[in-house]
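The file protein_16.pdb contains PDB, C-alpha atoms and all ligand atoms:
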```pdb
ATOM      1  CA  MET A   1     102.984 -91.498-100.742
ATOM      2  CA  GLU A   2     101.986 -92.237 -97.150
ATOM      3  CA  ARG A   3      98.432 -93.565 -97.047
ATOM      4  CA  ILE A   4      96.818 -92.820 -93.706
ATOM      5  CA  ILE A   5      93.689 -93.240 -91.649
ATOM      6  CA  LEU A   6      93.495 -90.169 -89.391
ATOM      7  CA  ASP A   7      91.576 -90.685 -86.137
ATOM      8  CA  VAL A   8      90.842 -87.311 -84.519
ATOM      9  CA  ASP A   9      88.936 -85.637 -81.683
ATOM     10  CA  THR A  10      88.766 -82.302 -83.507
ATOM     11  CA  GLY A  11      89.950 -80.029 -81.514
ATOM     12  CA  LEU A  12      91.979 -77.042 -82.514
ATOM     13  CA  ASP A  13      95.321 -78.835 -82.918
ATOM     14  CA  ASP A  14      93.551 -81.780 -84.582
ATOM     15  CA  ALA A  15      92.349 -79.279 -87.192
ATOM     16  CA  VAL A  16      95.973 -78.286 -87.826
ATOM     17  CA  ALA A  17      96.869 -81.964 -88.275
ATOM     18  CA  ILE A  18      94.090 -82.344 -90.853
ATOM     19  CA  PHE A  19      95.226 -79.198 -92.712
ATOM     20  CA  LEU A  20      98.817 -80.488 -92.731
ATOM     21  CA  ALA A  21      97.825 -83.920 -94.042
ATOM     22  CA  ALA A  22      95.462 -82.426 -96.627
ATOM     23  CA  GLY A  23      98.033 -79.930 -97.913
ATOM     24  CA  LEU A  24     101.076 -82.204 -98.231
ATOM     25  CA  SER A  25     101.435 -84.143-101.495
ATOM     26  CA  GLU A  26     103.412 -86.814 -99.596
ATOM     27  CA  ILE A  27     100.315 -87.802 -97.631
ATOM     28  CA  ARG A  28      97.002 -89.311 -98.734
ATOM     29  CA  ILE A  29      94.143 -89.399 -96.226
ATOM     30  CA  GLU A  30      92.143 -92.558 -96.957
ATOM     31  CA  ALA A  31      89.639 -91.876 -94.180
ATOM     32  CA  LEU A  32      88.967 -89.464 -91.328
ATOM     33  CA  ILE A  33      87.407 -90.916 -88.175
ATOM     34  CA  ALA A  34      86.072 -88.604 -85.460
ATOM     35  CA  THR A  35      86.033 -89.916 -81.915
ATOM     36  CA  ALA A  36      84.875 -88.466 -78.598
ATOM     37  CA  GLY A  37      87.698 -86.677 -76.803
ATOM     38  CA  ASN A  38      88.238 -82.955 -76.497
ATOM     39  CA  VAL A  39      84.455 -82.660 -76.704
ATOM     40  CA  GLY A  40      81.626 -85.137 -77.391
ATOM     41  CA  LEU A  41      81.419 -87.142 -80.621
ATOM     42  CA  ASP A  42      78.568 -85.029 -82.046
ATOM     43  CA  ARG A  43      80.822 -81.968 -81.952
ATOM     44  CA  THR A  44      84.117 -83.644 -82.931
ATOM     45  CA  LEU A  45      82.335 -85.154 -85.951
ATOM     46  CA  GLU A  46      80.811 -81.796 -86.954
ATOM     47  CA  ASN A  47      84.193 -80.086 -86.510
ATOM     48  CA  THR A  48      85.970 -82.761 -88.573
ATOM     49  CA  LEU A  49      83.412 -82.489 -91.389
ATOM     50  CA  ASN A  50      83.818 -78.700 -91.460
ATOM     51  CA  ILE A  51      87.620 -78.878 -91.650
ATOM     52  CA  ALA A  52      87.414 -81.587 -94.321
ATOM     53  CA  GLU A  53      84.994 -79.425 -96.324
ATOM     54  CA  VAL A  54      87.096 -76.241 -96.283
ATOM     55  CA  SER A  55      90.216 -78.315 -97.084
ATOM     56  CA  GLY A  56      88.514 -79.667-100.205
ATOM     57  CA  LEU A  57      89.024 -83.227 -98.952
ATOM     58  CA  THR A  58      86.902 -85.872-100.679
ATOM     59  CA  CYS A  59      87.906 -88.770 -98.395
ATOM     60  CA  PRO A  60      85.136 -90.368 -96.328
ATOM     61  CA  VAL A  61      84.508 -89.063 -92.800
ATOM     62  CA  TYR A  62      83.210 -91.567 -90.247
ATOM     63  CA  ALA A  63      81.975 -91.515 -86.669
ATOM     64  CA  GLY A  64      84.070 -93.534 -84.233
ATOM     65  CA  SER A  65      83.517 -94.157 -80.533
ATOM     66  CA  SER A  66      81.281 -91.958 -78.407
ATOM     67  CA  ALA A  67      82.715 -93.120 -75.075
ATOM     68  CA  PRO A  68      85.859 -94.728 -73.602
ATOM     69  CA  LEU A  69      86.111 -98.488 -73.029
ATOM     70  CA  VAL A  70      85.698 -98.457 -69.265
ATOM     71  CA  ARG A  71      85.991 -95.079 -67.532
ATOM     72  CA  ALA A  72      83.527 -92.197 -67.569
ATOM     73  CA  ARG A  73      84.079 -89.765 -70.458
ATOM     74  CA  VAL A  74      86.180 -86.652 -69.753
ATOM     75  CA  GLU A  75      86.650 -83.588 -72.002
ATOM     76  CA  ALA A  76      89.409 -81.019 -72.642
ATOM     77  CA  GLY A  77      87.108 -78.256 -73.840
ATOM     78  CA  ASP A  78      88.854 -75.547 -71.876
ATOM     79  CA  PHE A  79      91.749 -75.686 -74.360
ATOM     80  CA  HIS A  80      89.460 -75.977 -77.392
ATOM     81  CA  GLY A  81      86.332 -74.069 -76.378
ATOM     82  CA  GLU A  82      82.713 -75.121 -75.940
ATOM     83  CA  SER A  83      82.360 -76.319 -79.549
ATOM     84  CA  GLY A  84      85.762 -78.007 -79.523
ATOM     85  CA  LEU A  85      86.735 -75.722 -82.400
ATOM     86  CA  ASP A  86      86.070 -72.218 -81.112
ATOM     87  CA  GLY A  87      87.076 -69.409 -83.478
ATOM     88  CA  PRO A  88      86.084 -70.107 -87.089
ATOM     89  CA  VAL A  89      82.510 -69.747 -88.372
ATOM     90  CA  PHE A  90      81.690 -72.205 -91.165
ATOM     91  CA  GLU A  91      79.320 -71.912 -94.101
ATOM     92  CA  LYS A  92      76.702 -74.642 -94.614
ATOM     93  CA  ARG A  93      78.504 -77.689 -96.021
ATOM     94  CA  VAL A  94      77.724 -78.649 -99.621
ATOM     95  CA  ARG A  95      79.843 -81.761 -99.974
ATOM     96  CA  GLN A  96      80.973 -83.499 -96.821
ATOM     97  CA  LYS A  97      78.598 -85.552 -94.692
ATOM     98  CA  ALA A  98      79.312 -88.401 -92.292
ATOM     99  CA  GLN A  99      79.306 -91.951 -93.656
ATOM    100  CA  GLU A 100      76.631 -94.271 -92.315
ATOM    101  CA  ALA A 101      79.153 -97.084 -91.768
ATOM    102  CA  SER A 102      81.101 -97.381 -88.524
ATOM    103  CA  GLY A 103      84.537 -95.764 -88.490
ATOM    104  CA  ILE A 104      85.985 -98.755 -86.673
ATOM    105  CA  ASP A 105      84.673-101.165 -89.324
ATOM    106  CA  ALA A 106      86.091 -98.873 -92.007
ATOM    107  CA  MET A 107      89.480 -98.803 -90.252
ATOM    108  CA  ILE A 108      89.605-102.609 -90.165
ATOM    109  CA  ALA A 109      88.477-102.994 -93.786
ATOM    110  CA  LEU A 110      90.998-100.458 -95.128
ATOM    111  CA  VAL A 111      93.921-102.142 -93.360
ATOM    112  CA  MET A 112      92.869-105.700 -94.237
ATOM    113  CA  ASP A 113      92.257-104.756 -97.896
ATOM    114  CA  ASN A 114      95.631-102.969 -98.146
ATOM    115  CA  PRO A 115      98.059-105.053 -96.062
ATOM    116  CA  HIS A 116     101.228-103.251 -94.889
ATOM    117  CA  GLN A 117     100.233-100.053 -96.752
ATOM    118  CA  ILE A 118      98.099 -98.070 -94.309
ATOM    119  CA  THR A 119      99.399 -96.092 -91.321
ATOM    120  CA  ILE A 120      96.833 -95.344 -88.622
ATOM    121  CA  VAL A 121      97.443 -91.900 -87.105
ATOM    122  CA  SER A 122      95.611 -91.398 -83.819
ATOM    123  CA  VAL A 123      95.603 -87.955 -82.219
ATOM    124  CA  GLY A 124      92.796 -88.368 -79.687
ATOM    125  CA  PRO A 125      91.837 -91.038 -77.164
ATOM    126  CA  LEU A 126      92.771 -94.510 -78.472
ATOM    127  CA  THR A 127      89.308 -96.065 -78.107
ATOM    128  CA  ASP A 128      88.691 -96.666 -81.835
ATOM    129  CA  LEU A 129      92.085 -98.248 -82.411
ATOM    130  CA  ALA A 130      91.778-100.467 -79.315
ATOM    131  CA  ILE A 131      88.361-101.754 -80.394
ATOM    132  CA  ALA A 132      89.657-102.415 -83.923
ATOM    133  CA  ILE A 133      92.588-104.406 -82.473
ATOM    134  CA  GLN A 134      90.178-106.432 -80.318
ATOM    135  CA  ARG A 135      87.886-107.122 -83.305
ATOM    136  CA  GLU A 136      90.633-108.019 -85.809
ATOM    137  CA  ARG A 137      93.609-109.730 -84.184
ATOM    138  CA  ARG A 138      95.755-109.300 -87.359
ATOM    139  CA  LEU A 139      95.259-105.509 -87.502
ATOM    140  CA  ALA A 140      98.465-104.667 -85.624
ATOM    141  CA  GLU A 141     100.481-106.954 -87.891
ATOM    142  CA  LEU A 142      98.894-105.859 -91.204
ATOM    143  CA  ALA A 143      98.861-102.120 -90.537
ATOM    144  CA  LYS A 144     102.035-100.429 -91.785
ATOM    145  CA  GLY A 145     102.176 -98.825 -88.352
ATOM    146  CA  PHE A 146     100.524 -96.559 -85.809
ATOM    147  CA  VAL A 147     101.622 -92.949 -85.215
ATOM    148  CA  ILE A 148     100.130 -91.691 -81.986
ATOM    149  CA  MET A 149      99.956 -88.418 -80.087
ATOM    150  CA  GLY A 150      99.611 -89.211 -76.411
ATOM    151  CA  GLY A 151     101.192 -89.795 -73.048
ATOM    152  CA  SER A 152     103.890 -88.066 -71.076
ATOM    153  CA  PHE A 153     107.085 -89.341 -69.446
ATOM    154  CA  SER A 154     107.330 -86.204 -67.330
ATOM    155  CA  ARG A 155     104.438 -84.046 -66.086
ATOM    156  CA  GLY A 156     100.924 -84.468 -67.438
ATOM    157  CA  ASN A 157      98.518 -81.830 -68.781
ATOM    158  CA  VAL A 158      95.228 -83.093 -67.404
ATOM    159  CA  THR A 159      96.499 -84.463 -64.107
ATOM    160  CA  SER A 160      99.991 -83.906 -62.739
ATOM    161  CA  GLU A 161     100.996 -87.304 -64.175
ATOM    162  CA  ALA A 162      98.741 -88.038 -67.181
ATOM    163  CA  GLU A 163      98.341 -86.532 -70.647
ATOM    164  CA  PHE A 164      94.773 -86.028 -71.920
ATOM    165  CA  ASN A 165      94.589 -88.675 -74.700
ATOM    166  CA  THR A 166      95.813 -91.530 -72.505
ATOM    167  CA  TYR A 167      93.888 -90.227 -69.464
ATOM    168  CA  ALA A 168      90.654 -90.106 -71.481
ATOM    169  CA  ASP A 169      90.880 -93.868 -72.155
ATOM    170  CA  PRO A 170      93.776 -95.579 -70.288
ATOM    171  CA  GLU A 171      92.444 -99.095 -70.908
ATOM    172  CA  ALA A 172      92.390 -98.439 -74.668
ATOM    173  CA  ALA A 173      95.907 -97.004 -74.624
ATOM    174  CA  LYS A 174      97.166-100.076 -72.718
ATOM    175  CA  ILE A 175      95.740-102.375 -75.414
ATOM    176  CA  VAL A 176      97.281-100.332 -78.245
ATOM    177  CA  PHE A 177     100.776-100.061 -76.731
ATOM    178  CA  ALA A 178     100.812-103.831 -76.072
ATOM    179  CA  SER A 179      99.530-104.724 -79.575
ATOM    180  CA  GLY A 180     102.938-105.455 -81.112
ATOM    181  CA  ALA A 181     102.333-102.950 -83.922
ATOM    182  CA  ASN A 182     105.103-100.676 -85.236
ATOM    183  CA  ILE A 183     104.312 -97.626 -83.118
ATOM    184  CA  VAL A 184     105.758 -94.114 -83.102
ATOM    185  CA  LEU A 185     104.581 -92.137 -80.071
ATOM    186  CA  PHE A 186     104.630 -88.339 -79.811
ATOM    187  CA  SER A 187     104.271 -87.680 -76.094
ATOM    188  CA  LEU A 188     104.021 -84.263 -74.441
ATOM    189  CA  ASP A 189     107.790 -84.386 -73.871
ATOM    190  CA  CYS A 190     108.232 -83.712 -77.594
ATOM    191  CA  THR A 191     104.997 -81.938 -78.548
ATOM    192  CA  ARG A 192     105.151 -79.259 -75.851
ATOM    193  CA  THR A 193     108.434 -78.016 -77.417
ATOM    194  CA  VAL A 194     106.617 -76.889 -80.600
ATOM    195  CA  THR A 195     104.601 -73.751 -79.865
ATOM    196  CA  LEU A 196     103.007 -71.025 -82.006
ATOM    197  CA  SER A 197     104.353 -67.582 -81.161
ATOM    198  CA  PRO A 198     102.262 -64.420 -81.632
ATOM    199  CA  THR A 199     104.797 -63.229 -84.222
ATOM    200  CA  ARG A 200     104.494 -66.413 -86.258
ATOM    201  CA  LEU A 201     100.682 -66.343 -85.988
ATOM    202  CA  ASP A 202     100.670 -62.724 -87.176
ATOM    203  CA  SER A 203     102.679 -63.812 -90.255
ATOM    204  CA  TYR A 204      99.675 -65.903 -91.391
ATOM    205  CA  ARG A 205      97.115 -63.078 -91.147
ATOM    206  CA  THR A 206      97.903 -61.563 -94.537
ATOM    207  CA  ARG A 207      98.154 -64.855 -96.423
ATOM    208  CA  PRO A 208      95.357 -65.820 -98.873
ATOM    209  CA  GLY A 209      92.941 -68.742 -98.776
ATOM    210  CA  ARG A 210      89.960 -69.908 -96.753
ATOM    211  CA  CYS A 211      91.993 -72.631 -94.991
ATOM    212  CA  ASN A 212      94.586 -70.078 -93.931
ATOM    213  CA  GLU A 213      91.743 -67.895 -92.610
ATOM    214  CA  VAL A 214      90.282 -70.837 -90.632
ATOM    215  CA  PHE A 215      93.768 -71.734 -89.360
ATOM    216  CA  VAL A 216      94.247 -68.174 -88.048
ATOM    217  CA  ALA A 217      90.798 -68.136 -86.390
ATOM    218  CA  CYS A 218      91.508 -71.517 -84.748
ATOM    219  CA  MET A 219      94.943 -70.415 -83.537
ATOM    220  CA  ASP A 220      93.640 -67.103 -82.186
ATOM    221  CA  SER A 221      91.192 -69.114 -80.085
ATOM    222  CA  TYR A 222      93.855 -71.679 -79.103
ATOM    223  CA  THR A 223      96.242 -68.859 -78.087
ATOM    224  CA  ALA A 224      93.547 -67.131 -76.006
ATOM    225  CA  ASN A 225      92.697 -70.377 -74.199
ATOM    226  CA  TYR A 226      96.344 -71.060 -73.372
ATOM    227  CA  THR A 227      96.807 -67.474 -72.165
ATOM    228  CA  LYS A 228      93.645 -67.704 -70.025
ATOM    229  CA  ARG A 229      95.105 -70.797 -68.319
ATOM    230  CA  GLY A 230      98.550 -69.240 -67.923
ATOM    231  CA  GLN A 231     100.028 -71.985 -70.107
ATOM    232  CA  GLY A 232     102.127 -69.807 -72.393
ATOM    233  CA  GLU A 233     102.107 -70.238 -76.189
ATOM    234  CA  PRO A 234      99.774 -72.892 -77.682
ATOM    235  CA  GLN A 235     101.395 -76.298 -78.206
ATOM    236  CA  MET A 236     101.267 -78.057 -81.608
ATOM    237  CA  HIS A 237     100.625 -81.594 -80.388
ATOM    238  CA  ASP A 238      98.725 -83.394 -83.152
ATOM    239  CA  PRO A 239     100.291 -82.097 -86.407
ATOM    240  CA  LEU A 240     103.705 -83.473 -85.381
ATOM    241  CA  CYS A 241     102.410 -86.987 -86.145
ATOM    242  CA  ILE A 242     101.721 -85.909 -89.733
ATOM    243  CA  ALA A 243     105.043 -84.088 -90.055
ATOM    244  CA  TYR A 244     106.843 -87.298 -89.012
ATOM    245  CA  LEU A 245     105.274 -89.188 -91.910
ATOM    246  CA  ALA A 246     106.402 -86.485 -94.356
ATOM    247  CA  ASP A 247     110.061 -87.002 -93.321
ATOM    248  CA  PRO A 248     110.898 -89.361 -90.429
ATOM    249  CA  THR A 249     114.565 -88.239 -90.543
ATOM    250  CA  LYS A 250     113.524 -84.927 -88.939
ATOM    251  CA  VAL A 251     112.500 -86.677 -85.702
ATOM    252  CA  ALA A 252     114.916 -88.143 -83.123
ATOM    253  CA  LEU A 253     113.576 -91.361 -81.618
ATOM    254  CA  SER A 254     114.321 -93.547 -78.620
ATOM    255  CA  HIS A 255     112.937 -97.067 -78.180
ATOM    256  CA  TRP A 256     111.200 -98.440 -75.085
ATOM    257  CA  PRO A 257     108.386-100.786 -74.147
ATOM    258  CA  VAL A 258     105.589 -98.483 -72.888
ATOM    259  CA  ASP A 259     102.699 -99.339 -70.582
ATOM    260  CA  VAL A 260      99.777 -97.312 -69.158
ATOM    261  CA  VAL A 261      98.669 -97.167 -65.525
ATOM    262  CA  THR A 262      95.071 -98.402 -65.286
ATOM    263  CA  LEU A 263      94.926 -98.792 -61.513
ATOM    264  CA  ASP A 264      92.742 -96.190 -59.804
ATOM    265  CA  GLY A 265      94.813 -93.509 -58.145
ATOM    266  CA  PRO A 266      96.925 -90.399 -58.869
ATOM    267  CA  SER A 267      98.804 -92.109 -61.726
ATOM    268  CA  TYR A 268      95.674 -93.338 -63.581
ATOM    269  CA  GLY A 269      96.293 -92.842 -67.324
ATOM    270  CA  LYS A 270     100.047 -92.218 -66.930
ATOM    271  CA  THR A 271     102.393 -93.690 -69.572
ATOM    272  CA  VAL A 272     105.469 -95.466 -68.206
ATOM    273  CA  LYS A 273     108.604 -96.932 -69.808
ATOM    274  CA  VAL A 274     108.924-100.561 -68.695
ATOM    275  CA  ALA A 275     111.486-103.362 -68.992
ATOM    276  CA  GLN A 276     109.324-106.021 -70.665
ATOM    277  CA  GLY A 277     107.532-106.053 -74.006
ATOM    278  CA  LYS A 278     108.140-105.004 -77.617
ATOM    279  CA  PRO A 279     109.735-101.567 -77.727
ATOM    280  CA  ILE A 280     107.903 -98.712 -79.430
ATOM    281  CA  SER A 281     109.571 -95.631 -80.910
ATOM    282  CA  VAL A 282     109.244 -92.534 -78.734
ATOM    283  CA  ALA A 283     109.808 -89.132 -80.344
ATOM    284  CA  GLU A 284     112.419 -87.214 -78.367
ATOM    285  CA  SER A 285     112.712 -84.114 -80.579
ATOM    286  CA  ILE A 286     111.698 -82.713 -83.979
ATOM    287  CA  ASP A 287     113.341 -80.172 -86.292
ATOM    288  CA  ILE A 288     111.084 -77.252 -85.328
ATOM    289  CA  PRO A 289     111.976 -74.760 -88.133
ATOM    290  CA  TRP A 290     111.442 -77.584 -90.650
ATOM    291  CA  PHE A 291     108.004 -78.328 -89.098
ATOM    292  CA  TRP A 292     106.892 -74.730 -89.640
ATOM    293  CA  SER A 293     108.209 -74.757 -93.216
ATOM    294  CA  LEU A 294     106.039 -77.853 -93.772
ATOM    295  CA  MET A 295     103.048 -76.082 -92.227
ATOM    296  CA  ASP A 296     103.607 -73.100 -94.547
ATOM    297  CA  ARG A 297     103.820 -75.368 -97.602
ATOM    298  CA  ALA A 298     100.635 -77.256 -96.668
ATOM    299  CA  LEU A 299      98.546 -74.160 -95.998
ATOM    300  CA  ALA A 300      99.769 -72.547 -99.239
ATOM    301  CA  ALA A 301      98.584 -75.627-101.148
ATOM    302  CA  LEU A 302      95.064 -75.569 -99.658
ATOM    303  CA  PRO A 303      92.048 -73.608-100.960
TER
HETATM  304  O1  LIG B 401      97.234 -83.642 -74.717
HETATM  305  C1  LIG B 401      97.098 -83.147 -76.024
HETATM  306  C2  LIG B 401      96.094 -83.944 -76.791
HETATM  307  O2  LIG B 401      94.819 -83.850 -76.167
HETATM  308  C3  LIG B 401      95.887 -83.405 -78.226
HETATM  309  O3  LIG B 401      95.549 -84.475 -79.075
HETATM  310  C4  LIG B 401      94.715 -82.483 -78.080
HETATM  311  O4  LIG B 401      93.952 -82.362 -79.286
HETATM  312  C5  LIG B 401      93.908 -83.196 -77.034
HETATM  313  O5  LIG B 401      93.121 -84.169 -77.698
HETATM  314 CA    CA B 402      93.556 -84.368 -80.427
END
```
Is it possible to give me this structure as structure tokens?
Ligand code: RIB
Ligand code: CA
Amino acid sequence: MERIILDVDTGLDDAVAIFLAAGLSEIRIEALIATAGNVGLDRTLENTLNIAEVSGLTCPVYAGSSAPLVRARVEAGDFHGESGLDGPVFEKRVRQKAQEASGIDAMIALVMDNPHQITIVSVGPLTDLAIAIQRERRLAELAKGFVIMGGSFSRGNVTSEAEFNTYADPEAAKIVFASGANIVLFSLDCTRTVTLSPTRLDSYRTRPGRCNEVFVACMDSYTANYTKRGQGEPQMHDPLCIAYLADPTKVALSHWPVDVVTLDGPSYGKTVKVAQGKPISVAESIDIPWFWSLMDRALAALP
């Protein structure tokens, strides 16, 4: 059983990551933390609560950071829509509501109370994780590890050089990559290879369950937004981090020290492989048919 804290900026592919984690018996979500990213914190929190509710999750949902450490906040709404989760319409929630406590405090407490047992999965800007590392210097050592979606070692998706999650808070990403934690990084170089075809999306339309229905509505919206931008089929960035935890043998890794450009200029927010520092594991490829079989199993297990 992989026990995780899932830090999200829900977002359409974040929602898929939550569905995957909620539906797999190999994974236990100890806490969901919504952070500002694709859209503002008010909307990422609302979106996260709605996905947690339809998934039948009973884990606590917290608010994380509302702004990056240093830079001005940027959004990626044009891939995710005005709400950050365009597509599904949700009923009034009866169970899930945000915890009063801070998500960052909860992250620290969970790791410190369960040394070497909790993996922090971060699929949005790394602000929450960076602040937690600054507040508790043993966090990186006592977490089982960090699994992160972010960065690119080729072209970016928000600037020509930078990927959105690292571009949205480069200073936070720099702190996290230098923390010394056991890190597995899913950059665009791997995640852009896993896309949802119209044929595969159509195969979900006749399947039962409210979560499957929400998944289809989210992916219809995600597909339309990619098509509108001429970006081809929608890319399954965030759920790959969850799939890795279900079976790490399905992911090919390389190992490099990674840094983030924080100097103003065209490379701001770019991830770079460097010569010095503790290497992190960088996902090079994933068994794509296996990923979709995992997705099918998770959605079939959800209400
Ligand atoms: O660049 C892709 C990442 O940015 C994904 O996490 C997506 O949800 C957006 O946050
Ligand atoms: Ca995300």
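In this comparison, which uses all atoms listed in the file, the residue of A:Arg71, A:Lys250, A:His116, A:His80 approaching Ile4 in chain A most closely is A:His116.
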Given 12 Å and all atoms listed in the file, residues near ligand CA 402 (chain B) as a ChimeraX atom specification: /A:6-18,33-39,44,47-48,75-77,79-80,84-85,121-126,148-151,163-166,168,186,191,235-241
Residue among A:Met1, A:Leu253, A:Leu263, A:Leu32 lying closest to Gly103 in chain A, counting all atoms listed in the file: A:Leu32
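Using only C-alpha atoms for every distance, the candidate list A:Tyr268, A:Phe153, A:Trp292, A:Trp256 yields A:Trp292 as the residue closest to Leu196 in chain A.
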Protein/DNA/RNA residues near (91.3, -68.8, -92.3), cut 12 Å, all atoms listed in the file, as an MDAnalysis selection string: chainID A and resid 15:16 19 51 54:55 87:90 201 204:220 299:300 302:303
Would you output that residue set with C-alpha atoms, as a compact mmCIF listing (two decimals), keeping the file's coordinate frame?
```
# COMPACT_ATOMS: atom_id res chain seq x y z
CA ALA A 15 92.35 -79.28 -87.19
CA VAL A 16 95.97 -78.29 -87.83
CA PHE A 19 95.23 -79.20 -92.71
CA ILE A 51 87.62 -78.88 -91.65
CA VAL A 54 87.10 -76.24 -96.28
CA SER A 55 90.22 -78.32 -97.08
CA GLY A 87 87.08 -69.41 -83.48
CA PRO A 88 86.08 -70.11 -87.09
CA VAL A 89 82.51 -69.75 -88.37
CA PHE A 90 81.69 -72.20 -91.16
CA LEU A 201 100.68 -66.34 -85.99
CA TYR A 204 99.68 -65.90 -91.39
CA ARG A 205 97.12 -63.08 -91.15
CA THR A 206 97.90 -61.56 -94.54
CA ARG A 207 98.15 -64.86 -96.42
CA PRO A 208 95.36 -65.82 -98.87
CA GLY A 209 92.94 -68.74 -98.78
CA ARG A 210 89.96 -69.91 -96.75
CA CYS A 211 91.99 -72.63 -94.99
CA ASN A 212 94.59 -70.08 -93.93
CA GLU A 213 91.74 -67.90 -92.61
CA VAL A 214 90.28 -70.84 -90.63
CA PHE A 215 93.77 -71.73 -89.36
CA VAL A 216 94.25 -68.17 -88.05
CA ALA A 217 90.80 -68.14 -86.39
CA CYS A 218 91.51 -71.52 -84.75
CA MET A 219 94.94 -70.42 -83.54
CA ASP A 220 93.64 -67.10 -82.19
CA LEU A 299 98.55 -74.16 -96.00
CA ALA A 300 99.77 -72.55 -99.24
CA LEU A 302 95.06 -75.57 -99.66
CA PRO A 303 92.05 -73.61 -100.96
```
Reference answer for the PyMOL selection byres (((chain A and resi 109) around 12) and not hetatm), as number ranges by chain: A: 5, 30-31, 101-108, 110-115, 118, 132, 135-136, 138-139, 142-143
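Using all atoms listed in the file, the smallest distance between any of A:Asn182, A:Thr227, A:Ser187, A:Gln117 and ligand LIG 401 (chain B) comes from A:Ser187.
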Report as a PDB file with C-alpha atoms, keeping the file's coordinate frame the residues that result from applying the PyMOL selection byres (((chain A and resi 261) around 8) and not hetatm) to the structure here.
```
ATOM      1  CA  PRO A 170      93.776 -95.579 -70.288  1.00  0.00           C
ATOM      2  CA  LYS A 174      97.166-100.076 -72.718  1.00  0.00           C
ATOM      3  CA  ASP A 259     102.699 -99.339 -70.582  1.00  0.00           C
ATOM      4  CA  VAL A 260      99.777 -97.312 -69.158  1.00  0.00           C
ATOM      5  CA  THR A 262      95.071 -98.402 -65.286  1.00  0.00           C
ATOM      6  CA  LEU A 263      94.926 -98.792 -61.513  1.00  0.00           C
ATOM      7  CA  SER A 267      98.804 -92.109 -61.726  1.00  0.00           C
ATOM      8  CA  TYR A 268      95.674 -93.338 -63.581  1.00  0.00           C
ATOM      9  CA  GLY A 269      96.293 -92.842 -67.324  1.00  0.00           C
ATOM     10  CA  LYS A 270     100.047 -92.218 -66.930  1.00  0.00           C
ATOM     11  CA  THR A 271     102.393 -93.690 -69.572  1.00  0.00           C
ATOM     12  CA  VAL A 272     105.469 -95.466 -68.206  1.00  0.00           C
TER      13      VAL A 272
END
```
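A straight line drawn from CA of Leu185 in chain A to CA of Pro279 in chain A is 11.0 Å long.
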Residue contacts of range 175-181 of chain A (7 Å, all atoms listed in the file) excluding same-chain residues fewer than 2 positions away, as a list in words: Leu129, Ala130, Ala140, Glu141, Gly145, Phe146, Glu171, Ala172, Ala173, Ile183, Val258, Asp259 and Lys278 of chain A
Among the residues A:Ile29, A:Val158, A:Ala52, A:Val194, the one that comes closest to ligand LIG 401 (chain B) [using only C-alpha atoms and all ligand atoms]: A:Val158
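Closest approach to ligand LIG 401 (chain B) among A:Asp287, A:Asp78, A:Asp202, A:Glu53: A:Asp78, based on all atoms listed in the file.
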Applied to this file, what does the PyMOL selection byres (((chain A and resi 26-28) around 6) and not hetatm) return in terms of residues, put as a short mmCIF file (atom, residue, chain, number, x, y, z; two decimals) with C-alpha atoms, in the coordinates of the input?
```cif
data_model
loop_
_atom_site.label_atom_id
_atom_site.label_comp_id
_atom_site.auth_asym_id
_atom_site.auth_seq_id
_atom_site.Cartn_x
_atom_site.Cartn_y
_atom_site.Cartn_z
CA MET A 1 102.98 -91.50 -100.74
CA GLU A 2 101.99 -92.24 -97.15
CA ARG A 3 98.43 -93.56 -97.05
CA ALA A 21 97.82 -83.92 -94.04
CA LEU A 24 101.08 -82.20 -98.23
CA SER A 25 101.44 -84.14 -101.50
CA ILE A 29 94.14 -89.40 -96.23
#
```
Can range 208-213 of chain A be brought up to N, CA, C and O atoms and written out as a short mmCIF file (atom, residue, chain, number, x, y, z; two decimals), in the coordinates of the input?
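What follows is the written file selection.cif:
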```cif
data_model
loop_
_atom_site.label_atom_id
_atom_site.label_comp_id
_atom_site.auth_asym_id
_atom_site.auth_seq_id
_atom_site.Cartn_x
_atom_site.Cartn_y
_atom_site.Cartn_z
N PRO A 208 96.67 -65.57 -98.25
CA PRO A 208 95.36 -65.82 -98.87
C PRO A 208 94.82 -67.21 -98.53
O PRO A 208 95.56 -68.06 -98.03
N GLY A 209 93.54 -67.40 -98.84
CA GLY A 209 92.94 -68.74 -98.78
C GLY A 209 92.04 -68.93 -97.57
O GLY A 209 92.33 -68.44 -96.47
N ARG A 210 90.95 -69.64 -97.81
CA ARG A 210 89.96 -69.91 -96.75
C ARG A 210 90.56 -70.77 -95.64
O ARG A 210 90.32 -70.55 -94.46
N CYS A 211 91.38 -71.76 -96.02
CA CYS A 211 91.99 -72.63 -94.99
C CYS A 211 92.93 -71.82 -94.11
O CYS A 211 92.98 -72.02 -92.89
N ASN A 212 93.70 -70.93 -94.71
CA ASN A 212 94.59 -70.08 -93.93
C ASN A 212 93.77 -69.22 -92.97
O ASN A 212 94.13 -69.06 -91.79
N GLU A 213 92.64 -68.72 -93.46
CA GLU A 213 91.74 -67.90 -92.61
C GLU A 213 91.20 -68.72 -91.43
O GLU A 213 91.19 -68.25 -90.29
#
```
